[in-house]
Amino acid sequence: MKSGNYLIAIVIFFLIIGVLIFNGCTSTGTGSQAESEVVVFTVSDLTNRLTLFGETLLLPEGWAFIPNTESKGTLFNFRSPEGVEGGLEIIDFDYDIDFDRLVDFYKDYVFQSDKKISTEVLEHERFGTIVSFKGVANNRTLLSFLIADGNNVTFFHFSSPVENSFPLDQALLIINTYKKDERNWVSVREMGNFPLFTSFDNTWYWYGDFKDGYYLARKGEKPEQDIIAGLWTLNNEEVDQLKNDASFNVEPFIYKYRVSNLTTDFIVYGNTKDGKTSRLYTLFELDSKTYCLYLIQESIDDNEDIETLLEKPEIQNLLDFHILFSNGI
């Protein structure tokens, strides 16, 4: 396995674990008090935006977007605090699809259910004919929507506790927000009052939600040039944990980055050699909040200057051009 792929695999593992813990659940179908609630929202509540490689979807605030590492066609998954789970799947064929045959194939061979599958044909103002599939498996209600356009097929998948199935009209509100940008390198993450991430130059892209923030990734020309960056806020207890972490080999020091055109002190903690990666937690204050800019890169030798991991122009460019530390745009 190449070192860049190793770095990405490790980050994805911890990223997914963190999202599941953040949402109070460690496995699909596990019951919780939150799952006894019915999810209800309106169009105005759909402000939680992810654009990944030109594909945009809006969710209610508090829902988390999750990177998908298993299904080849699934661009990303998502999860609500109430236990609703779902995903956006996109498949491009080399030829135009016979819609009716595709529906039959999906119903007979793909959609797995413990009970009879309910199929409904809907006419949508933007997407034309949509087919919904509904069934039950492993005590979860499964709801999928199929949209086909020429050689492009898009699926929206939803899963919810069987005792409180996710309403079809709520699912359609989410589907209505779906947009496709011809600039398939565009990436945006917008959530609540957290700093907005945007990338329109095919460099940095969203890599997953974590805590109240997100991970971002940048692939270099060589694996050793890959960078994973995380951004989230910390409370006083979490700051104290970093200060007292005995596993770190970095003596804390101050490094200066530019944030919102102001030179800002970042206190650096972490490891220059954690397996095959270096992991640095850099803390800074802004607008009465403590932020952590977490940097994962290839490890460096003990005799190398730690600042070589911080002085890369790509990191300052991330803070200058891709993260907006203000309330909206």
# chains A, B, ... in the order shown; residues from 1 in each chain; ligands from 1
>>> residues_around(residues="Tyr207 of chain A", least_positions_apart="4", cutoff="10 Å", atoms="only C-alpha atoms", output="ChimeraX atom specification")
/A:8,11-12,15,52,65-68,76,187,189,214-218,228-230
>>> select_by_dssp(residues="segment 226-264 of chain A", states="alpha helix (DSSP H)", output="list of chain:residue names")
A:Asn236, A:Glu237, A:Glu238, A:Val239, A:Asp240, A:Gln241, A:Leu242, A:Lys243
>>> write_last_selection(atoms="all heavy atoms", output="PDB file, in the first residue's frame")
ATOM      1  N   ASN A 236     -12.812  23.824  27.271  1.00  0.00           N
ATOM      2  CA  ASN A 236     -11.675  23.912  28.195  1.00  0.00           C
ATOM      3  C   ASN A 236     -11.141  22.534  28.577  1.00  0.00           C
ATOM      4  O   ASN A 236      -9.929  22.335  28.699  1.00  0.00           O
ATOM      5  CB  ASN A 236     -12.079  24.686  29.447  1.00  0.00           C
ATOM      6  CG  ASN A 236     -12.336  26.154  29.159  1.00  0.00           C
ATOM      7  OD1 ASN A 236     -11.801  26.707  28.199  1.00  0.00           O
ATOM      8  ND2 ASN A 236     -13.153  26.798  29.981  1.00  0.00           N
ATOM      9  N   GLU A 237     -12.056  21.571  28.769  1.00  0.00           N
ATOM     10  CA  GLU A 237     -11.623  20.221  29.140  1.00  0.00           C
ATOM     11  C   GLU A 237     -10.803  19.582  28.030  1.00  0.00           C
ATOM     12  O   GLU A 237      -9.782  18.924  28.297  1.00  0.00           O
ATOM     13  CB  GLU A 237     -12.843  19.367  29.454  1.00  0.00           C
ATOM     14  CG  GLU A 237     -12.498  17.949  29.886  1.00  0.00           C
ATOM     15  CD  GLU A 237     -13.731  17.108  30.184  1.00  0.00           C
ATOM     16  OE1 GLU A 237     -14.847  17.668  30.172  1.00  0.00           O
ATOM     17  OE2 GLU A 237     -13.576  15.891  30.419  1.00  0.00           O
ATOM     18  N   GLU A 238     -11.237  19.766  26.785  1.00  0.00           N
ATOM     19  CA  GLU A 238     -10.504  19.182  25.655  1.00  0.00           C
ATOM     20  C   GLU A 238      -9.136  19.847  25.489  1.00  0.00           C
ATOM     21  O   GLU A 238      -8.149  19.179  25.129  1.00  0.00           O
ATOM     22  CB  GLU A 238     -11.336  19.328  24.382  1.00  0.00           C
ATOM     23  CG  GLU A 238     -12.586  18.453  24.372  1.00  0.00           C
ATOM     24  CD  GLU A 238     -13.548  18.802  23.254  1.00  0.00           C
ATOM     25  OE1 GLU A 238     -13.634  19.998  22.894  1.00  0.00           O
ATOM     26  OE2 GLU A 238     -14.227  17.887  22.752  1.00  0.00           O
ATOM     27  N   VAL A 239      -9.060  21.144  25.746  1.00  0.00           N
ATOM     28  CA  VAL A 239      -7.770  21.828  25.683  1.00  0.00           C
ATOM     29  C   VAL A 239      -6.823  21.273  26.743  1.00  0.00           C
ATOM     30  O   VAL A 239      -5.645  21.012  26.477  1.00  0.00           O
ATOM     31  CB  VAL A 239      -7.960  23.351  25.874  1.00  0.00           C
ATOM     32  CG1 VAL A 239      -6.599  24.042  26.010  1.00  0.00           C
ATOM     33  CG2 VAL A 239      -8.734  23.946  24.697  1.00  0.00           C
ATOM     34  N   ASP A 240      -7.332  21.060  27.944  1.00  0.00           N
ATOM     35  CA  ASP A 240      -6.508  20.507  29.018  1.00  0.00           C
ATOM     36  C   ASP A 240      -6.012  19.103  28.667  1.00  0.00           C
ATOM     37  O   ASP A 240      -4.879  18.730  29.005  1.00  0.00           O
ATOM     38  CB  ASP A 240      -7.306  20.464  30.324  1.00  0.00           C
ATOM     39  CG  ASP A 240      -7.530  21.849  30.919  1.00  0.00           C
ATOM     40  OD1 ASP A 240      -6.769  22.769  30.547  1.00  0.00           O
ATOM     41  OD2 ASP A 240      -8.460  22.002  31.710  1.00  0.00           O
ATOM     42  N   GLN A 241      -6.850  18.307  28.010  1.00  0.00           N
ATOM     43  CA  GLN A 241      -6.432  16.969  27.617  1.00  0.00           C
ATOM     44  C   GLN A 241      -5.248  17.024  26.658  1.00  0.00           C
ATOM     45  O   GLN A 241      -4.312  16.215  26.760  1.00  0.00           O
ATOM     46  CB  GLN A 241      -7.612  16.230  26.977  1.00  0.00           C
ATOM     47  CG  GLN A 241      -8.700  15.819  27.953  1.00  0.00           C
ATOM     48  CD  GLN A 241      -9.893  15.187  27.269  1.00  0.00           C
ATOM     49  OE1 GLN A 241      -9.990  15.161  26.039  1.00  0.00           O
ATOM     50  NE2 GLN A 241     -10.825  14.669  28.064  1.00  0.00           N
ATOM     51  N   LEU A 242      -5.280  17.968  25.718  1.00  0.00           N
ATOM     52  CA  LEU A 242      -4.159  18.110  24.790  1.00  0.00           C
ATOM     53  C   LEU A 242      -2.901  18.554  25.532  1.00  0.00           C
ATOM     54  O   LEU A 242      -1.805  18.044  25.282  1.00  0.00           O
ATOM     55  CB  LEU A 242      -4.502  19.121  23.695  1.00  0.00           C
ATOM     56  CG  LEU A 242      -5.447  18.661  22.586  1.00  0.00           C
ATOM     57  CD1 LEU A 242      -5.700  19.792  21.603  1.00  0.00           C
ATOM     58  CD2 LEU A 242      -4.870  17.468  21.836  1.00  0.00           C
ATOM     59  N   LYS A 243      -3.054  19.499  26.444  1.00  0.00           N
ATOM     60  CA  LYS A 243      -1.893  20.002  27.178  1.00  0.00           C
ATOM     61  C   LYS A 243      -1.208  18.906  27.992  1.00  0.00           C
ATOM     62  O   LYS A 243       0.010  18.958  28.218  1.00  0.00           O
ATOM     63  CB  LYS A 243      -2.323  21.137  28.104  1.00  0.00           C
ATOM     64  CG  LYS A 243      -2.726  22.416  27.393  1.00  0.00           C
ATOM     65  CD  LYS A 243      -3.129  23.486  28.398  1.00  0.00           C
ATOM     66  CE  LYS A 243      -3.495  24.793  27.719  1.00  0.00           C
ATOM     67  NZ  LYS A 243      -3.912  25.835  28.697  1.00  0.00           N
TER      68      LYS A 243
END
>>> closest_residue(among="A:Ser299, A:Ser247, A:Ser144, A:Ser326", to="Phe197 of chain A", atoms="only C-alpha atoms")
A:Ser326
>>> closest_residue(among="A:Phe248, A:Phe99, A:Phe111, A:Phe41", to="Asp274 of chain A", atoms="only C-alpha atoms")
A:Phe248
>>> residues_around(residues="segment 53-64 of chain A", least_positions_apart="2", cutoff="7 Å", atoms="only C-alpha atoms", output="number ranges by chain")
A: 45-51, 66, 78-81, 174, 177-187, 191-192, 209
>>> closest_residue(among="A:Lys107, A:Lys219, A:Lys211, A:Lys115", to="Phe145 of chain A", atoms="only C-alpha atoms")
A:Lys107
>>> select_by_dssp(residues="segment 5-225 of chain A", states="strand (DSSP E)", output="ChimeraX atom specification")
/A:46-52,55-60,64-67,74-79,85-92,118-124,128-137,140-149,152-161,179-180,187-190,196-199,204-210,213-218
>>> closest_residue(among="A:Asn176, A:Glu163, A:Leu262, A:Leu168", to="Glu120 of chain A", atoms="only C-alpha atoms")
A:Leu168
>>> atom_distance(atom1="atom CA of Glu298 of chain A", atom2="atom CA of Gln316 of chain A")
18.0 Å
>>> closest_residue(among="A:Thr272, A:Ser159, A:Tyr281, A:Leu286", to="Ile300 of chain A", atoms="only C-alpha atoms")
A:Thr272
>>> atom_distance(atom1="atom CA of Asp114 of chain A", atom2="atom CA of Gly135 of chain A")
7.3 Å
>>> atom_distance(atom1="atom CA of Ile267 of chain A", atom2="atom CA of Phe253 of chain A")
5.6 Å
>>> residues_around(residues="Arg140 of chain A", least_positions_apart="3", cutoff="12 Å", atoms="only C-alpha atoms", output="ChimeraX atom specification")
/A:28-31,35,83-86,112-115,134-137,143,158-166
>>> closest_atom_pairs(of="segment 159-213 of chain A", to="segment 287-291 of chain A", cutoff="12 Å", atoms="only C-alpha atoms", output="JSON lines")
{"residue": "A:Asn193", "atom": "CA", "partner": "A:Asp287", "partner_atom": "CA", "distance": 11.7}
{"residue": "A:Phe194", "atom": "CA", "partner": "A:Tyr291", "partner_atom": "CA", "distance": 10.5}
{"residue": "A:Pro195", "atom": "CA", "partner": "A:Tyr291", "partner_atom": "CA", "distance": 10.5}
{"residue": "A:Lys211", "atom": "CA", "partner": "A:Tyr291", "partner_atom": "CA", "distance": 11.9}
{"residue": "A:Asp212", "atom": "CA", "partner": "A:Tyr291", "partner_atom": "CA", "distance": 10.6}
{"residue": "A:Gly213", "atom": "CA", "partner": "A:Tyr291", "partner_atom": "CA", "distance": 9.7}
>>> residues_around(residues="Thr282 of chain A", least_positions_apart="6", cutoff="7 Å", atoms="only C-alpha atoms", output="compact mmCIF listing (two decimals) with all heavy atoms, in the first residue's frame")
# COMPACT_ATOMS: atom_id res chain seq x y z
N PHE A 266 -0.68 30.24 16.92
CA PHE A 266 -1.16 28.87 17.00
C PHE A 266 -0.24 28.11 17.96
O PHE A 266 0.97 28.08 17.76
CB PHE A 266 -1.11 28.18 15.62
CG PHE A 266 -2.19 28.60 14.66
CD1 PHE A 266 -2.25 29.91 14.18
CD2 PHE A 266 -3.13 27.69 14.23
CE1 PHE A 266 -3.23 30.29 13.29
CE2 PHE A 266 -4.13 28.06 13.34
CZ PHE A 266 -4.18 29.36 12.87
N ILE A 267 -0.81 27.50 19.00
CA ILE A 267 -0.02 26.68 19.92
C ILE A 267 -0.02 25.26 19.39
O ILE A 267 -1.08 24.67 19.14
CB ILE A 267 -0.61 26.72 21.34
CG1 ILE A 267 -0.72 28.16 21.83
CG2 ILE A 267 0.27 25.91 22.29
CD1 ILE A 267 -1.35 28.29 23.19
N VAL A 268 1.17 24.70 19.19
CA VAL A 268 1.34 23.42 18.51
C VAL A 268 1.59 22.30 19.51
O VAL A 268 2.47 22.40 20.37
CB VAL A 268 2.50 23.50 17.50
CG1 VAL A 268 2.63 22.18 16.74
CG2 VAL A 268 2.27 24.65 16.52
N TYR A 269 0.81 21.22 19.40
CA TYR A 269 0.98 19.99 20.17
C TYR A 269 1.01 18.82 19.18
O TYR A 269 0.66 18.98 18.01
CB TYR A 269 -0.17 19.76 21.15
CG TYR A 269 -0.44 20.89 22.11
CD1 TYR A 269 -1.30 21.94 21.75
CD2 TYR A 269 0.14 20.91 23.37
CE1 TYR A 269 -1.56 22.97 22.64
CE2 TYR A 269 -0.13 21.93 24.28
CZ TYR A 269 -0.97 22.98 23.90
OH TYR A 269 -1.23 23.99 24.77
N CYS A 292 -9.26 24.16 16.80
CA CYS A 292 -8.16 23.23 16.58
C CYS A 292 -8.01 23.00 15.08
O CYS A 292 -8.94 22.52 14.44
CB CYS A 292 -8.40 21.91 17.29
SG CYS A 292 -7.14 20.65 16.95
N LEU A 293 -6.86 23.36 14.55
CA LEU A 293 -6.50 23.00 13.18
C LEU A 293 -5.60 21.78 13.27
O LEU A 293 -4.46 21.86 13.73
CB LEU A 293 -5.78 24.15 12.47
CG LEU A 293 -5.29 23.84 11.06
CD1 LEU A 293 -6.46 23.61 10.11
CD2 LEU A 293 -4.38 24.96 10.53
N TYR A 294 -6.13 20.63 12.88
CA TYR A 294 -5.45 19.34 13.04
C TYR A 294 -4.82 18.98 11.70
O TYR A 294 -5.49 18.96 10.66
CB TYR A 294 -6.48 18.31 13.47
CG TYR A 294 -5.98 16.90 13.68
CD1 TYR A 294 -4.81 16.65 14.37
CD2 TYR A 294 -6.73 15.81 13.22
CE1 TYR A 294 -4.37 15.35 14.59
CE2 TYR A 294 -6.30 14.51 13.43
CZ TYR A 294 -5.13 14.29 14.12
OH TYR A 294 -4.70 13.00 14.33
>>> residues_around(residues="His322 of chain A", least_positions_apart="2", cutoff="9 Å", atoms="only C-alpha atoms", output="PDB file with N, CA, C and O atoms, in the first residue's frame")
ATOM      1  N   LEU A 196     -17.200  28.587   6.947  1.00  0.00           N
ATOM      2  CA  LEU A 196     -17.569  28.026   5.645  1.00  0.00           C
ATOM      3  C   LEU A 196     -16.320  27.556   4.903  1.00  0.00           C
ATOM      4  O   LEU A 196     -15.323  28.284   4.822  1.00  0.00           O
ATOM      5  N   PHE A 197     -16.376  26.349   4.356  1.00  0.00           N
ATOM      6  CA  PHE A 197     -15.287  25.841   3.520  1.00  0.00           C
ATOM      7  C   PHE A 197     -15.724  25.852   2.063  1.00  0.00           C
ATOM      8  O   PHE A 197     -16.818  25.390   1.728  1.00  0.00           O
ATOM      9  N   THR A 198     -14.880  26.389   1.193  1.00  0.00           N
ATOM     10  CA  THR A 198     -15.153  26.359  -0.244  1.00  0.00           C
ATOM     11  C   THR A 198     -13.871  26.047  -1.002  1.00  0.00           C
ATOM     12  O   THR A 198     -12.775  26.437  -0.585  1.00  0.00           O
ATOM     13  N   SER A 199     -13.996  25.337  -2.111  1.00  0.00           N
ATOM     14  CA  SER A 199     -12.853  25.071  -2.982  1.00  0.00           C
ATOM     15  C   SER A 199     -13.333  25.020  -4.419  1.00  0.00           C
ATOM     16  O   SER A 199     -14.144  24.182  -4.781  1.00  0.00           O
ATOM     17  N   PHE A 200     -12.843  25.961  -5.217  1.00  0.00           N
ATOM     18  CA  PHE A 200     -13.227  26.036  -6.616  1.00  0.00           C
ATOM     19  C   PHE A 200     -12.035  25.849  -7.548  1.00  0.00           C
ATOM     20  O   PHE A 200     -12.114  26.161  -8.737  1.00  0.00           O
ATOM     21  N   TRP A 204      -8.203  21.526  -2.462  1.00  0.00           N
ATOM     22  CA  TRP A 204      -8.767  20.986  -1.230  1.00  0.00           C
ATOM     23  C   TRP A 204     -10.198  20.521  -1.459  1.00  0.00           C
ATOM     24  O   TRP A 204     -10.921  21.101  -2.272  1.00  0.00           O
ATOM     25  N   ASN A 317      -2.535  28.697   2.399  1.00  0.00           N
ATOM     26  CA  ASN A 317      -3.533  28.913   1.353  1.00  0.00           C
ATOM     27  C   ASN A 317      -4.913  28.410   1.784  1.00  0.00           C
ATOM     28  O   ASN A 317      -5.939  29.009   1.445  1.00  0.00           O
ATOM     29  N   LEU A 318      -4.934  27.306   2.529  1.00  0.00           N
ATOM     30  CA  LEU A 318      -6.197  26.793   3.045  1.00  0.00           C
ATOM     31  C   LEU A 318      -6.873  27.833   3.932  1.00  0.00           C
ATOM     32  O   LEU A 318      -8.079  28.083   3.821  1.00  0.00           O
ATOM     33  N   LEU A 319      -6.089  28.457   4.817  1.00  0.00           N
ATOM     34  CA  LEU A 319      -6.639  29.462   5.720  1.00  0.00           C
ATOM     35  C   LEU A 319      -6.980  30.757   4.999  1.00  0.00           C
ATOM     36  O   LEU A 319      -7.923  31.460   5.381  1.00  0.00           O
ATOM     37  N   ASP A 320      -6.236  31.074   3.957  1.00  0.00           N
ATOM     38  CA  ASP A 320      -6.456  32.333   3.221  1.00  0.00           C
ATOM     39  C   ASP A 320      -7.650  32.280   2.279  1.00  0.00           C
ATOM     40  O   ASP A 320      -8.443  33.232   2.205  1.00  0.00           O
ATOM     41  N   LEU A 324     -13.672  30.451   5.419  1.00  0.00           N
ATOM     42  CA  LEU A 324     -14.151  31.807   5.706  1.00  0.00           C
ATOM     43  C   LEU A 324     -14.551  31.873   7.178  1.00  0.00           C
ATOM     44  O   LEU A 324     -15.558  31.311   7.589  1.00  0.00           O
TER      45      LEU A 324
END
